[in-house]
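Reading through the structure tokens given below for one structure.
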Amino acid sequence: MNEENVKKGISRRAFIQGTAISAAGIAAAGYLTGCSPKQEETSETNTETGGEKWSWETKPDPIPAAEIKKTVDTEVLVIGAGLAGTVAAISAAEAGAKVIIIDKNDTTAARGGHITAFGTKLQKEYNISIDYRQVIRRWVYWAQGRVKEDLLWLFAEKSGACFDWVRDMVEPKGLKVALWDGYFKGPDYTEYPVTHFYYKDGSNFIYQDGVIEGAGNAVLLEALEAVINEKGIEIDFKTPAVQIVRDGDGPVTGVIAGEAGNYTQYNASKGVIICTGDYASDQEMVERYDPFALQADSQIYFPNKCNTGDVHKQAMWIGGAMQKVEPHAAVIHLESGAQSYGFLHVNAEGNRYMNEDVNTQSKSCVKEFQPEGITFTIYDADGLSEVEQQINAGLGGGLFYGQTFQRMGTKFDMAAEQQVLDLHVEKGKVLKADTLEELADKMGVPKENFLKTVERYNEIVAQKDDVDFGKRAELLTPIVKPPFYAGKLISTILTMVGGLRTNTNLNVLDENDQPVENLFVAGSAAGDFFANDYPTICPGIGHGRCITFGRLAGLIAAGKSVDEVPSIEV
């Protein structure tokens, strides 16, 4: 990028700060956006070639018995009160086990709302039949065979019954369930109608700044916590796990948790289930397992930055291992910025750089290779109406193109989309101008380049043939009518989806691929499920595995079998 643009303030940092993505409204709703790990200082920088150990490779000394002030006996101990942890705890309790949950935060934690499952009752109500075998084949292809296929097949076969089990629990508590109709319906890259979400009556389904009122996993967790309370399952908040208890190569027998000098030892006779989420807020772990993810502009997690991989490390200290396949995959979406849609995308030099007819994960990754990682989506006064036509005709969709919580059977909500656009203009996520020249100045890009790029794009639109990047003709729309818009595309790391090595019994495995007895893992802490990239062909697959494997882990830890859960009907 040239020096003139740097002087204009189009540095990556200034570009992000100008969007006001850390608005108080986000924090109030519990969805917090922070700076990317790349922008933070770390106290201990490490590289694999530097000869130093990663910090967690130094195993801490055992906690002295004198510091353990209390002992609590249970059968199943769940670490983490998120989606996977609450589901695991309820499942284990229903199977007859005494269960306790511990969590380092002071509340249950949930984010987002999309949940993938195959063969659910809701899909049958809509006469939707998905060949889940073909979906898994595509998934394996996406991962280039670097996943454990038996885990994927287990998920596919059990996900529908696990989802329906949750649905049956929470519907009496006032929740309703919908299928997402905003999924991408393109001819080549295609998503499947397998994405569910929960909502309450009265939700307006407007998703902005990572927040939706009355819908998504936040309302689901409220209902699951109510079930936990009804079943008498104890949750000890503000109780971080510190050390997993294991004698040599024997079974795991419990966890020491709490604060220095005032620890509690939880003895778990049947098993410990790790449901602590991912490690995206630990810069050193991200640097070790997927340094590309450090390029993301921002981060969203709830509670903010609590996903620090503490229990991944504790599992490694007692013999567990991380998955073999590296680098780990990451969920990186355009969450913190503007809606991307399928419009012209330009970089900080004012040049077009891609076929815009792809998913949000691809857009997020491609933009990181552009100058300063700065990109925009460009459209005119008719832009939203063109999106509405494309979505209603089934020509486009996907996250940050279609509406994130559009229910099956409903149309694109233009009033809601206009409200989102107005908010984004107010917050600086979208720039608005009466002329293209003025828009270029606001963007801080070279004006001559930008005007030539728009002129060239309009030529392509007129001839209905994208000879430059091959975008579908039906998605080519002109940029001619003021006002003009430039939406800032801001890549956001949501989850690192590599984790602890596991098997279909949901045990944590050691370096020799042998199970660590009585230690289980579910949700984003588990590995071997994703590779290379996050497969958005099934939006909500991360939350889907939290429910499916959370339920299976709870049953297994309580002494039951996965056969307790019906498999999908073929």
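Labeling convention for the structure tokens: chains A, B, ... as they appear, residues from 1 per chain, ligands from 1 in order of appearance.
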Contacts of segment 288-296 of chain A within 7 Å, only C-alpha atoms, excl. fewer than 2 positions in-chain, as an NGL selection string: :A and (36-38 or 284-286 or 298 or 326-328 or 330 or 368 or 491-493)
Using only C-alpha atoms, which residues of segment 87-184 of chain A come within 10 Å of segment 555-560 of chain A, and what is the closest atom pair for each, with the distance in Å to one decimal? Give it as JSON lines, sorted by chain and residue number.
```
{"residue": "A:Ala88", "atom": "CA", "partner": "A:Leu555", "partner_atom": "CA", "distance": 7.5}
{"residue": "A:Ala89", "atom": "CA", "partner": "A:Leu555", "partner_atom": "CA", "distance": 9.0}
{"residue": "A:Ile90", "atom": "CA", "partner": "A:Leu555", "partner_atom": "CA", "distance": 9.2}
{"residue": "A:Ser91", "atom": "CA", "partner": "A:Leu555", "partner_atom": "CA", "distance": 5.7}
{"residue": "A:Ala92", "atom": "CA", "partner": "A:Leu555", "partner_atom": "CA", "distance": 5.1}
{"residue": "A:Ala93", "atom": "CA", "partner": "A:Ala558", "partner_atom": "CA", "distance": 7.8}
{"residue": "A:Glu94", "atom": "CA", "partner": "A:Leu555", "partner_atom": "CA", "distance": 8.4}
{"residue": "A:Ala95", "atom": "CA", "partner": "A:Ala558", "partner_atom": "CA", "distance": 6.2}
{"residue": "A:Gly96", "atom": "CA", "partner": "A:Ala558", "partner_atom": "CA", "distance": 7.1}
{"residue": "A:Ala97", "atom": "CA", "partner": "A:Ala558", "partner_atom": "CA", "distance": 5.5}
{"residue": "A:Lys98", "atom": "CA", "partner": "A:Ala558", "partner_atom": "CA", "distance": 8.6}
{"residue": "A:Val99", "atom": "CA", "partner": "A:Ala558", "partner_atom": "CA", "distance": 9.2}
```
Can you spit out the residues from that selection as an mmCIF file, in the first residue's frame, using N, CA and C atoms?
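That gives us part_30.cif:
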```cif
data_model
loop_
_atom_site.group_PDB
_atom_site.id
_atom_site.type_symbol
_atom_site.label_atom_id
_atom_site.label_comp_id
_atom_site.auth_asym_id
_atom_site.auth_seq_id
_atom_site.Cartn_x
_atom_site.Cartn_y
_atom_site.Cartn_z
ATOM 1 N N ALA A 88 -24.218 -32.120 28.339
ATOM 2 C CA ALA A 88 -23.550 -33.294 28.906
ATOM 3 C C ALA A 88 -24.043 -33.563 30.323
ATOM 4 N N ALA A 89 -24.178 -32.509 31.117
ATOM 5 C CA ALA A 89 -24.599 -32.676 32.511
ATOM 6 C C ALA A 89 -26.023 -33.217 32.605
ATOM 7 N N ILE A 90 -26.923 -32.666 31.810
ATOM 8 C CA ILE A 90 -28.307 -33.141 31.839
ATOM 9 C C ILE A 90 -28.374 -34.596 31.382
ATOM 10 N N SER A 91 -27.611 -34.941 30.345
ATOM 11 C CA SER A 91 -27.617 -36.313 29.845
ATOM 12 C C SER A 91 -27.118 -37.287 30.896
ATOM 13 N N ALA A 92 -26.020 -36.941 31.558
ATOM 14 C CA ALA A 92 -25.464 -37.823 32.586
ATOM 15 C C ALA A 92 -26.437 -37.975 33.750
ATOM 16 N N ALA A 93 -27.090 -36.875 34.129
ATOM 17 C CA ALA A 93 -28.050 -36.938 35.229
ATOM 18 C C ALA A 93 -29.249 -37.804 34.861
ATOM 19 N N GLU A 94 -29.736 -37.674 33.651
ATOM 20 C CA GLU A 94 -30.859 -38.494 33.214
ATOM 21 C C GLU A 94 -30.486 -39.978 33.172
ATOM 22 N N ALA A 95 -29.203 -40.246 32.969
ATOM 23 C CA ALA A 95 -28.722 -41.628 32.954
ATOM 24 C C ALA A 95 -28.488 -42.165 34.360
ATOM 25 N N GLY A 96 -28.776 -41.368 35.370
ATOM 26 C CA GLY A 96 -28.705 -41.833 36.745
ATOM 27 C C GLY A 96 -27.479 -41.434 37.524
ATOM 28 N N ALA A 97 -26.594 -40.637 36.934
ATOM 29 C CA ALA A 97 -25.355 -40.257 37.618
ATOM 30 C C ALA A 97 -25.538 -38.987 38.437
ATOM 31 N N LYS A 98 -24.792 -38.904 39.525
ATOM 32 C CA LYS A 98 -24.693 -37.653 40.264
ATOM 33 C C LYS A 98 -23.719 -36.753 39.513
ATOM 34 N N VAL A 99 -24.126 -35.512 39.240
ATOM 35 C CA VAL A 99 -23.359 -34.630 38.356
ATOM 36 C C VAL A 99 -23.134 -33.275 39.023
#
```
Neighbours of segment 478-490 of chain A within 6 Å (only C-alpha atoms; same-chain residues fewer than 6 positions away dropped), as number ranges by chain? A: 334, 336-338, 375-381, 429-434, 458
Could the residues in this selection be written to a file with C-alpha atoms, as a PDB file, in the first residue's frame?
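Printed below is part09.pdb as written:
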```pdb
ATOM      1  CA  LEU A 334     -17.166 -11.272   8.728  1.00  0.00           C
ATOM      2  CA  SER A 336     -17.769  -7.559  13.315  1.00  0.00           C
ATOM      3  CA  GLY A 337     -18.112  -5.542  10.145  1.00  0.00           C
ATOM      4  CA  ALA A 338     -20.664  -4.789   7.468  1.00  0.00           C
ATOM      5  CA  THR A 375     -11.376  -4.525   2.002  1.00  0.00           C
ATOM      6  CA  PHE A 376     -14.826  -3.096   1.278  1.00  0.00           C
ATOM      7  CA  THR A 377     -18.089  -4.174  -0.354  1.00  0.00           C
ATOM      8  CA  ILE A 378     -19.462  -1.546  -2.767  1.00  0.00           C
ATOM      9  CA  TYR A 379     -23.082  -0.955  -3.785  1.00  0.00           C
ATOM     10  CA  ASP A 380     -25.523   1.785  -4.632  1.00  0.00           C
ATOM     11  CA  ALA A 381     -28.985   2.982  -3.599  1.00  0.00           C
ATOM     12  CA  LYS A 429     -19.102   0.162   9.552  1.00  0.00           C
ATOM     13  CA  VAL A 430     -20.623   1.405   6.299  1.00  0.00           C
ATOM     14  CA  LEU A 431     -19.518   4.595   4.573  1.00  0.00           C
ATOM     15  CA  LYS A 432     -22.103   6.550   2.592  1.00  0.00           C
ATOM     16  CA  ALA A 433     -21.564   9.233  -0.053  1.00  0.00           C
ATOM     17  CA  ASP A 434     -23.457  11.034  -2.823  1.00  0.00           C
ATOM     18  CA  ASN A 458     -20.263  -1.683 -14.595  1.00  0.00           C
TER      19      ASN A 458
END
```
Find the residues of segment 403-490 of chain A that sit at most 10 Å from segment 187-202 of chain A; for each, write down the nearest two atoms and how far apart they are in Å, to one decimal. Count only C-alpha atoms. Sort by chain, then by number going up, and give it as CSV.
```
residue,atom,partner,partner_atom,distance
A:Phe405,CA,A:Phe197,CA,7.8
A:Gln406,CA,A:Phe197,CA,9.9
A:Arg407,CA,A:Phe197,CA,8.8
A:Met408,CA,A:Pro193,CA,9.1
A:Arg472,CA,A:Pro187,CA,9.6
```
Can you pull out every residue within 10 Å of segment 539-541 of chain A, counting only C-alpha atoms, but drop anything in the same chain fewer than 3 positions away, and send it as a list in words?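 Counting only C-alpha atoms, the residues come to Gly112, Gly113, His114, Ile115, Thr116, Ala117, Phe155, Trp180, Tyr183, Phe184, Glu191, Tyr192, Pro193, Val194, Thr195, His196, Phe197, Gly398, Leu399, Tyr534, Pro535, Thr536, Gly544, Arg545, Cys546 and Ile547 of chain A.
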Print the selection's residues with N, CA, C and O atoms to a file, as an mmCIF file, in the first residue's frame.
```cif
data_model
loop_
_atom_site.group_PDB
_atom_site.id
_atom_site.type_symbol
_atom_site.label_atom_id
_atom_site.label_comp_id
_atom_site.auth_asym_id
_atom_site.auth_seq_id
_atom_site.Cartn_x
_atom_site.Cartn_y
_atom_site.Cartn_z
ATOM 1 N N GLY A 112 -24.027 -16.884 19.352
ATOM 2 C CA GLY A 112 -24.536 -17.339 18.067
ATOM 3 C C GLY A 112 -25.894 -17.992 18.206
ATOM 4 O O GLY A 112 -26.655 -17.705 19.124
ATOM 5 N N GLY A 113 -26.211 -18.883 17.266
ATOM 6 C CA GLY A 113 -27.520 -19.502 17.331
ATOM 7 C C GLY A 113 -27.750 -20.646 16.367
ATOM 8 O O GLY A 113 -28.653 -21.447 16.555
ATOM 9 N N HIS A 114 -26.942 -20.750 15.340
ATOM 10 C CA HIS A 114 -27.154 -21.785 14.336
ATOM 11 C C HIS A 114 -26.713 -23.147 14.862
ATOM 12 O O HIS A 114 -25.641 -23.281 15.456
ATOM 13 N N ILE A 115 -27.529 -24.169 14.610
ATOM 14 C CA ILE A 115 -27.249 -25.524 15.091
ATOM 15 C C ILE A 115 -27.538 -26.504 13.962
ATOM 16 O O ILE A 115 -28.677 -26.625 13.501
ATOM 17 N N THR A 116 -26.529 -27.221 13.530
ATOM 18 C CA THR A 116 -26.695 -28.233 12.486
ATOM 19 C C THR A 116 -27.147 -29.554 13.084
ATOM 20 O O THR A 116 -26.628 -29.996 14.111
ATOM 21 N N ALA A 117 -28.086 -30.188 12.414
ATOM 22 C CA ALA A 117 -28.496 -31.553 12.758
ATOM 23 C C ALA A 117 -29.152 -32.160 11.532
ATOM 24 O O ALA A 117 -29.750 -31.452 10.705
ATOM 25 N N PHE A 155 -21.504 -38.239 14.356
ATOM 26 C CA PHE A 155 -22.284 -37.013 14.462
ATOM 27 C C PHE A 155 -23.509 -37.063 13.548
ATOM 28 O O PHE A 155 -24.636 -36.774 13.970
ATOM 29 N N TRP A 180 -33.305 -22.425 9.343
ATOM 30 C CA TRP A 180 -32.787 -21.208 8.723
ATOM 31 C C TRP A 180 -32.970 -21.272 7.212
ATOM 32 O O TRP A 180 -32.547 -22.243 6.570
ATOM 33 N N TYR A 183 -29.656 -19.748 4.079
ATOM 34 C CA TYR A 183 -28.448 -20.462 3.665
ATOM 35 C C TYR A 183 -28.157 -20.231 2.176
ATOM 36 O O TYR A 183 -29.037 -19.900 1.385
ATOM 37 N N PHE A 184 -26.915 -20.428 1.788
ATOM 38 C CA PHE A 184 -26.462 -20.184 0.414
ATOM 39 C C PHE A 184 -27.016 -21.263 -0.511
ATOM 40 O O PHE A 184 -26.892 -22.455 -0.241
ATOM 41 N N GLU A 191 -24.922 -24.718 0.405
ATOM 42 C CA GLU A 191 -25.166 -25.092 1.786
ATOM 43 C C GLU A 191 -26.442 -25.917 1.863
ATOM 44 O O GLU A 191 -27.247 -25.916 0.932
ATOM 45 N N TYR A 192 -26.607 -26.618 2.970
ATOM 46 C CA TYR A 192 -27.745 -27.506 3.126
ATOM 47 C C TYR A 192 -28.736 -26.932 4.142
ATOM 48 O O TYR A 192 -28.326 -26.268 5.099
ATOM 49 N N PRO A 193 -30.027 -27.214 3.973
ATOM 50 C CA PRO A 193 -31.034 -26.731 4.931
ATOM 51 C C PRO A 193 -31.064 -27.587 6.192
ATOM 52 O O PRO A 193 -32.055 -28.253 6.506
ATOM 53 N N VAL A 194 -29.964 -27.561 6.920
ATOM 54 C CA VAL A 194 -29.804 -28.381 8.127
ATOM 55 C C VAL A 194 -29.612 -27.524 9.368
ATOM 56 O O VAL A 194 -29.316 -28.031 10.445
ATOM 57 N N THR A 195 -29.786 -26.216 9.218
ATOM 58 C CA THR A 195 -29.457 -25.271 10.275
ATOM 59 C C THR A 195 -30.709 -24.862 11.045
ATOM 60 O O THR A 195 -31.664 -24.337 10.466
ATOM 61 N N HIS A 196 -30.697 -25.102 12.350
ATOM 62 C CA HIS A 196 -31.819 -24.811 13.230
ATOM 63 C C HIS A 196 -31.455 -23.661 14.170
ATOM 64 O O HIS A 196 -30.273 -23.412 14.431
ATOM 65 N N PHE A 197 -32.471 -23.007 14.723
ATOM 66 C CA PHE A 197 -32.224 -22.072 15.812
ATOM 67 C C PHE A 197 -33.488 -21.945 16.661
ATOM 68 O O PHE A 197 -34.601 -22.211 16.204
ATOM 69 N N GLY A 398 -26.356 -17.199 2.591
ATOM 70 C CA GLY A 398 -25.209 -17.467 3.445
ATOM 71 C C GLY A 398 -25.039 -16.365 4.475
ATOM 72 O O GLY A 398 -25.713 -15.328 4.440
ATOM 73 N N LEU A 399 -24.129 -16.599 5.401
ATOM 74 C CA LEU A 399 -23.901 -15.627 6.466
ATOM 75 C C LEU A 399 -23.362 -14.315 5.915
ATOM 76 O O LEU A 399 -22.453 -14.307 5.088
ATOM 77 N N TYR A 534 -12.914 -24.224 8.177
ATOM 78 C CA TYR A 534 -14.217 -24.507 8.770
ATOM 79 C C TYR A 534 -15.229 -24.722 7.655
ATOM 80 O O TYR A 534 -15.459 -23.830 6.841
ATOM 81 N N PRO A 535 -15.868 -25.896 7.576
ATOM 82 C CA PRO A 535 -16.735 -26.220 6.443
ATOM 83 C C PRO A 535 -18.119 -25.609 6.571
ATOM 84 O O PRO A 535 -19.002 -26.160 7.216
ATOM 85 N N THR A 536 -18.338 -24.485 5.921
ATOM 86 C CA THR A 536 -19.608 -23.775 6.062
ATOM 87 C C THR A 536 -20.719 -24.375 5.223
ATOM 88 O O THR A 536 -21.792 -23.776 5.115
ATOM 89 N N GLY A 544 -23.736 -27.683 16.560
ATOM 90 C CA GLY A 544 -24.331 -28.999 16.421
ATOM 91 C C GLY A 544 -23.531 -30.074 17.120
ATOM 92 O O GLY A 544 -24.097 -30.958 17.788
ATOM 93 N N ARG A 545 -22.210 -29.987 17.014
ATOM 94 C CA ARG A 545 -21.414 -31.027 17.690
ATOM 95 C C ARG A 545 -21.408 -30.813 19.201
ATOM 96 O O ARG A 545 -21.224 -31.773 19.960
ATOM 97 N N CYS A 546 -21.604 -29.562 19.657
ATOM 98 C CA CYS A 546 -21.726 -29.352 21.102
ATOM 99 C C CYS A 546 -22.916 -30.138 21.654
ATOM 100 O O CYS A 546 -22.809 -30.799 22.694
ATOM 101 N N ILE A 547 -24.049 -30.059 20.967
ATOM 102 C CA ILE A 547 -25.237 -30.767 21.436
ATOM 103 C C ILE A 547 -25.071 -32.277 21.277
ATOM 104 O O ILE A 547 -25.306 -33.048 22.220
#
```
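Remark: for Val420 of chain A, the closest of the candidate residues A:Ser269, A:Thr108, A:Ser567, A:Gln403 is A:Gln403 (distances computed over only C-alpha atoms).
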If you run DSSP over the backbone, which residues in segment 396-427 of chain A end up alpha helix (DSSP H)? Put them as a ChimeraX atom specification. /A:414-427
How many Å lie between atom CA of Ile10 of chain A and atom CA of His345 of chain A, rounded to one decimal?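 One can read the atom CA of Ile10 of chain A to atom CA of His345 of chain A distance as 16.5 Å.
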Surrounding residues of Ala65 of chain A excluding itself and chain neighbours under 3 positions, 10 Å, only C-alpha atoms, as a list of chain:residue names: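 Listing them by chain and then by number gives A:Pro62, A:Ile68, A:Lys69, A:Tyr263, A:Gln265.
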Closest of A:Leu122, A:Lys238, A:Thr86, A:Ala525 to His312 of chain A, counting only C-alpha atoms, is A:Ala525
